[in-house]
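Trainee: Just entry.tsv, nothing more (TSV, C-alpha atoms):
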```tsv
chain	number	residue	atom	x	y	z
A	1	THR	CA	-63.22	-134.62	-206.29
A	2	LEU	CA	-62.69	-138.36	-206.50
A	3	PRO	CA	-63.55	-139.99	-209.82
A	4	PRO	CA	-66.26	-142.66	-209.68
A	5	ALA	CA	-65.04	-146.00	-208.28
A	6	SER	CA	-65.06	-148.64	-210.98
A	7	GLU	CA	-63.70	-152.15	-211.46
A	8	GLY	CA	-60.09	-152.27	-212.65
A	9	THR	CA	-59.17	-148.86	-211.25
A	10	ALA	CA	-57.01	-147.62	-208.41
A	11	ALA	CA	-56.10	-144.15	-207.23
A	12	VAL	CA	-52.80	-143.15	-205.61
A	13	TYR	CA	-52.56	-139.79	-203.88
A	14	LEU	CA	-49.63	-138.21	-202.02
A	15	THR	CA	-50.10	-135.50	-199.41
A	16	ASN	CA	-47.29	-133.41	-197.93
A	17	VAL	CA	-47.64	-133.75	-194.14
A	18	ASP	CA	-44.38	-132.07	-193.07
A	19	ALA	CA	-45.34	-128.47	-194.05
A	20	SER	CA	-42.24	-128.25	-196.25
A	21	LYS	CA	-41.59	-127.31	-199.83
A	22	LEU	CA	-39.72	-130.57	-200.45
A	23	ASP	CA	-42.37	-131.74	-202.96
A	24	TYR	CA	-40.22	-130.18	-205.66
A	25	PHE	CA	-37.57	-132.88	-205.04
A	26	LEU	CA	-39.98	-135.85	-204.82
A	27	SER	CA	-40.55	-138.29	-207.66
A	28	ALA	CA	-42.92	-141.25	-207.63
A	29	ALA	CA	-43.34	-144.33	-209.81
A	30	LEU	CA	-46.05	-146.98	-209.49
A	31	THR	CA	-45.68	-150.50	-210.85
A	32	THR	CA	-48.22	-153.31	-210.73
A	33	GLU	CA	-47.01	-156.89	-210.49
A	34	ARG	CA	-49.54	-159.63	-211.23
A	35	THR	CA	-49.52	-163.31	-210.36
A	36	CYS	CA	-51.05	-165.11	-213.33
A	37	THR	CA	-51.98	-168.76	-213.80
A	38	GLY	CA	-52.81	-170.21	-217.20
A	39	GLY	CA	-54.40	-167.06	-218.61
A	40	ALA	CA	-56.83	-166.78	-215.69
A	41	PRO	CA	-57.28	-163.51	-213.81
A	42	PRO	CA	-54.42	-162.83	-211.40
A	43	GLY	CA	-54.57	-164.53	-208.04
A	44	THR	CA	-52.87	-161.57	-206.40
A	45	GLU	CA	-51.59	-158.23	-207.51
A	46	GLU	CA	-48.98	-156.04	-205.88
A	47	LEU	CA	-48.87	-152.30	-206.32
A	48	VAL	CA	-45.37	-150.97	-205.67
A	49	LEU	CA	-44.95	-147.23	-205.23
A	50	GLU	CA	-41.33	-146.09	-205.33
A	51	LEU	CA	-40.69	-142.66	-203.85
A	52	ALA	CA	-37.39	-140.84	-204.39
A	53	ASN	CA	-36.15	-137.69	-202.67
A	54	ASP	CA	-33.52	-135.82	-204.67
A	55	ALA	CA	-33.21	-132.82	-202.30
A	56	PRO	CA	-29.77	-131.24	-201.92
A	57	ALA	CA	-27.79	-131.75	-198.69
A	58	SER	CA	-29.00	-128.43	-197.32
A	59	VAL	CA	-32.09	-126.34	-198.04
A	60	PRO	CA	-33.25	-122.92	-196.85
A	61	GLU	CA	-35.30	-122.97	-193.65
A	62	TYR	CA	-38.53	-122.08	-195.48
A	63	VAL	CA	-38.14	-125.29	-197.56
A	64	ASP	CA	-37.26	-127.83	-194.85
A	65	ASN	CA	-39.30	-130.45	-192.95
A	66	LYS	CA	-41.17	-128.83	-190.04
A	67	LEU	CA	-41.92	-132.04	-188.10
A	68	PRO	CA	-39.91	-132.48	-184.88
A	69	GLY	CA	-37.20	-135.14	-184.88
A	70	ARG	CA	-36.85	-135.32	-188.66
A	71	ALA	CA	-33.84	-134.29	-190.74
A	72	GLU	CA	-34.40	-131.02	-192.62
A	73	THR	CA	-34.37	-132.77	-196.01
A	74	THR	CA	-36.38	-135.89	-195.08
A	75	HIS	CA	-39.74	-135.51	-196.77
A	76	THR	CA	-42.78	-136.96	-194.99
A	77	VAL	CA	-45.79	-137.73	-197.17
A	78	GLN	CA	-49.07	-139.50	-196.64
A	79	VAL	CA	-49.63	-142.24	-199.22
A	80	ALA	CA	-53.32	-142.92	-199.89
A	81	LEU	CA	-54.38	-145.92	-201.99
A	82	TYR	CA	-58.00	-145.95	-203.14
A	83	LEU	CA	-59.55	-149.19	-204.46
A	84	PRO	CA	-63.00	-149.98	-205.87
A	85	PRO	CA	-65.40	-152.42	-204.19
A	86	GLY	CA	-64.21	-156.02	-204.43
A	87	ARG	CA	-60.50	-155.23	-204.07
A	88	VAL	CA	-58.91	-155.96	-200.71
A	89	VAL	CA	-55.55	-154.83	-199.34
A	90	GLU	CA	-54.07	-157.91	-197.66
A	91	GLY	CA	-50.93	-156.17	-196.47
A	92	VAL	CA	-48.72	-153.13	-196.90
A	93	SER	CA	-44.96	-152.92	-196.46
A	94	VAL	CA	-42.39	-150.15	-196.57
A	95	ASP	CA	-39.02	-151.31	-197.86
A	96	GLY	CA	-40.06	-154.91	-197.16
A	97	GLU	CA	-41.13	-154.30	-193.55
A	98	PRO	CA	-44.84	-154.68	-192.62
A	99	ALA	CA	-46.52	-151.30	-192.13
A	100	ALA	CA	-49.65	-150.29	-190.24
A	101	VAL	CA	-52.28	-148.44	-192.25
A	102	SER	CA	-55.47	-146.56	-191.54
A	103	THR	CA	-58.48	-147.70	-193.57
A	104	GLY	CA	-61.89	-146.34	-194.46
A	105	THR	CA	-64.33	-145.65	-197.25
A	106	GLU	CA	-65.11	-142.54	-199.26
A	107	ALA	CA	-67.40	-141.96	-202.25
A	108	GLY	CA	-67.60	-145.69	-203.09
A	109	TRP	CA	-63.83	-146.27	-202.70
A	110	THR	CA	-62.03	-148.17	-199.96
A	111	TRP	CA	-58.85	-146.41	-198.88
A	112	SER	CA	-55.66	-147.32	-197.04
A	113	ARG	CA	-53.33	-144.57	-195.80
A	114	LEU	CA	-49.97	-144.34	-194.13
A	115	ASP	CA	-47.28	-141.72	-193.55
A	116	VAL	CA	-43.90	-142.41	-195.10
A	117	ASP	CA	-40.54	-140.72	-194.45
A	118	VAL	CA	-38.38	-140.36	-197.57
A	119	PRO	CA	-34.83	-139.35	-196.59
A	120	ARG	CA	-32.72	-137.21	-198.91
A	121	GLY	CA	-31.00	-139.35	-201.54
A	122	ALA	CA	-33.15	-142.37	-200.73
A	123	ARG	CA	-35.65	-144.47	-202.61
A	124	VAL	CA	-38.46	-145.90	-200.50
A	125	ALA	CA	-40.75	-148.69	-201.77
A	126	VAL	CA	-44.32	-148.89	-200.51
A	127	ALA	CA	-45.93	-152.18	-201.57
A	128	ALA	CA	-49.60	-153.14	-201.23
A	129	ARG	CA	-50.70	-156.74	-201.86
A	130	LEU	CA	-54.23	-156.85	-203.34
A	131	THR	CA	-56.74	-159.67	-203.82
A	132	GLY	CA	-60.22	-159.90	-205.29
A	133	GLY	CA	-61.75	-158.00	-208.18
A	134	ALA	CA	-60.35	-157.15	-211.58
A	135	PRO	CA	-56.67	-156.33	-212.12
A	136	VAL	CA	-55.75	-152.65	-212.09
A	137	ASP	CA	-55.68	-151.23	-215.59
A	138	VAL	CA	-56.35	-147.54	-214.80
A	139	VAL	CA	-54.57	-145.48	-212.13
A	140	HIS	CA	-55.78	-142.05	-211.05
A	141	SER	CA	-53.41	-139.59	-209.35
A	142	GLN	CA	-53.25	-135.91	-208.57
A	143	PRO	CA	-50.91	-133.45	-210.30
A	144	LEU	CA	-47.41	-133.55	-208.82
A	145	VAL	CA	-44.30	-131.49	-209.61
A	146	ASP	CA	-43.00	-134.67	-211.27
A	147	PRO	CA	-46.07	-136.60	-212.52
A	148	LEU	CA	-46.61	-140.13	-211.19
A	149	GLN	CA	-45.02	-142.63	-213.56
A	150	VAL	CA	-47.22	-145.73	-213.97
A	151	THR	CA	-46.22	-149.14	-215.33
A	152	LEU	CA	-48.98	-151.76	-215.44
A	153	GLY	CA	-48.07	-155.46	-215.35
A	154	THR	CA	-49.64	-157.91	-217.77
A	155	CYS	CA	-50.35	-161.63	-217.82
```
So, in terms of structure tokens, how does the structure I just supplied come out?

Mentor:
Amino acid sequence: TLPPASEGTAAVYLTNVDASKLDYFLSAALTTERTCTGGAPPGTEELVLELANDAPASVPEYVDNKLPGRAETTHTVQVALYLPPGRVVEGVSVDGEPAAVSTGTEAGWTWSRLDVDVPRGARVAVAARLTGGAPVDVVHSQPLVDPLQVTLGTC
């Protein structure tokens, strides 16, 4: 169940979409970067989710990625960013390249979702540029093998 949407919150959820058991090797860290001017609320805020895949070079068949055309140790996850009313996602990028996202609403939240491939040994950065509303000071996430590490920026 989603927590209630409230000002100053965000939620980041990862879903395994490759039917693998590669979640064990995935780590995730979220950092917020704020643009501040003279003590005023931030003009923009960027949420940067860094995903790392520390899988070994080879894994048993029951562990590997089941999607066609993907390397056995490339993990494919859906990244879902939930924001309260008043926050707007102006753009999303993956490793600096613009990325297309699906959007919608659920239980008072606005969400943006995209699938991301995380190759073995790689770090992939998913960045979302936000405007409007209060800066993020609370981040909700679901339990992961390695819990989401969160670092909130300050002005």

Trainee: Excluding Gly121 (chain A) and any residue of its chain fewer than 6 positions from it, enumerate the residues within 7 Å of it, using only C-alpha atoms, and give them as a count of residues only.

Mentor: 3

Trainee: Give the answer as one residue: which of A:Pro3, A:Pro60, A:Gly96, A:Gly8 has the shortest atom-to-atom distance to Ser20 (chain A), using all atoms listed in the file?

Mentor: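 Checking each of A:Pro3, A:Pro60, A:Gly96, A:Gly8 against Ser20 (chain A), counting all atoms listed in the file, the winner is A:Pro60.
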
Trainee: Tell me, in Å to one decimal, how far CA of Ser112 (chain A) is from CA of Ala80 (chain A).

Mentor: 5.7 Å

Trainee: May I have the residues within 10 Å of Gln142 (chain A) as a short mmCIF file (atom, residue, chain, number, x, y, z; two decimals) with C-alpha atoms, keeping the file's coordinate frame, using all atoms listed in the file and disregarding those fewer than 6 positions away in the same chain?

Mentor:
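Ended up saving to selection-v3.cif:
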```cif
data_model
loop_
_atom_site.label_atom_id
_atom_site.label_comp_id
_atom_site.auth_asym_id
_atom_site.auth_seq_id
_atom_site.Cartn_x
_atom_site.Cartn_y
_atom_site.Cartn_z
CA LEU A 2 -62.69 -138.36 -206.50
CA ALA A 11 -56.10 -144.15 -207.23
CA VAL A 12 -52.80 -143.15 -205.61
CA TYR A 13 -52.56 -139.79 -203.88
CA LEU A 14 -49.63 -138.21 -202.02
CA THR A 15 -50.10 -135.50 -199.41
CA LEU A 148 -46.61 -140.13 -211.19
#
```

Trainee: Find, counting only C-alpha atoms, the residue in A:Ala19, A:Ala99, A:Val94, A:Ala134 that gets nearest to Leu51 (chain A).

Mentor: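 Closest candidate: A:Val94.
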
Trainee: Give me the residues near Arg129 (chain A) as a PDB file with C-alpha atoms, in the frame of the given file, where near means some atom within 9 Å (using all atoms listed in the file) and where sequence neighbours in that chain fewer than 2 positions away do not count.

Mentor:
```
ATOM      1  CA  THR A  44     -52.870-161.570-206.400  1.00  0.00           C
ATOM      2  CA  GLU A  45     -51.590-158.230-207.510  1.00  0.00           C
ATOM      3  CA  GLU A  46     -48.980-156.040-205.880  1.00  0.00           C
ATOM      4  CA  LEU A  47     -48.870-152.300-206.320  1.00  0.00           C
ATOM      5  CA  VAL A  48     -45.370-150.970-205.670  1.00  0.00           C
ATOM      6  CA  VAL A  88     -58.910-155.960-200.710  1.00  0.00           C
ATOM      7  CA  VAL A  89     -55.550-154.830-199.340  1.00  0.00           C
ATOM      8  CA  GLU A  90     -54.070-157.910-197.660  1.00  0.00           C
ATOM      9  CA  GLY A  91     -50.930-156.170-196.470  1.00  0.00           C
ATOM     10  CA  VAL A  92     -48.720-153.130-196.900  1.00  0.00           C
ATOM     11  CA  SER A  93     -44.960-152.920-196.460  1.00  0.00           C
ATOM     12  CA  ALA A 127     -45.930-152.180-201.570  1.00  0.00           C
ATOM     13  CA  THR A 131     -56.740-159.670-203.820  1.00  0.00           C
TER      14      THR A 131
END
```

Trainee: So, counting only C-alpha atoms, which residue among A:Ala28, A:Arg87, A:Lys21, A:Gly133 is closest to Val59 (chain A)?

Mentor: A:Lys21

Trainee: Which is closer to Ser58 (chain A) than all the others in A:Ala29, A:Ala10, A:Ala71, A:Ala122, using only C-alpha atoms?

Mentor: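 Closest candidate: A:Ala71.
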
Trainee: From the options A:Leu81, A:Val136, A:Ala125, A:Ala52, which residue's atoms come nearest to Thr103 (chain A), counting all atoms listed in the file?

Mentor: A:Leu81

Trainee: Point out the residue among A:Pro143, A:Gly153, A:Pro4, A:Pro119 with the least atom-to-atom distance to Arg70 (chain A), counting only C-alpha atoms.

Mentor: A:Pro119

Trainee: Please identify all polymer residues within 12 Å of Ala107 (chain A), counting all atoms listed in the file, omitting same-chain residues fewer than 5 positions from it, and present them as number ranges by chain.

Mentor: A: 1-6, 82-85

Trainee: Figure out the distance between CA of Arg123 (chain A) and CA of Val63 (chain A), please, to one decimal in Å.

Mentor: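 Those two atoms sit 20.0 Å apart.
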
Trainee: I'd like the interatomic distance between CA of Asp95 (chain A) and CA of Pro135 (chain A), to a tenth of an Å.

Mentor: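 CA of Asp95 (chain A) sits 23.2 Å away from CA of Pro135 (chain A).
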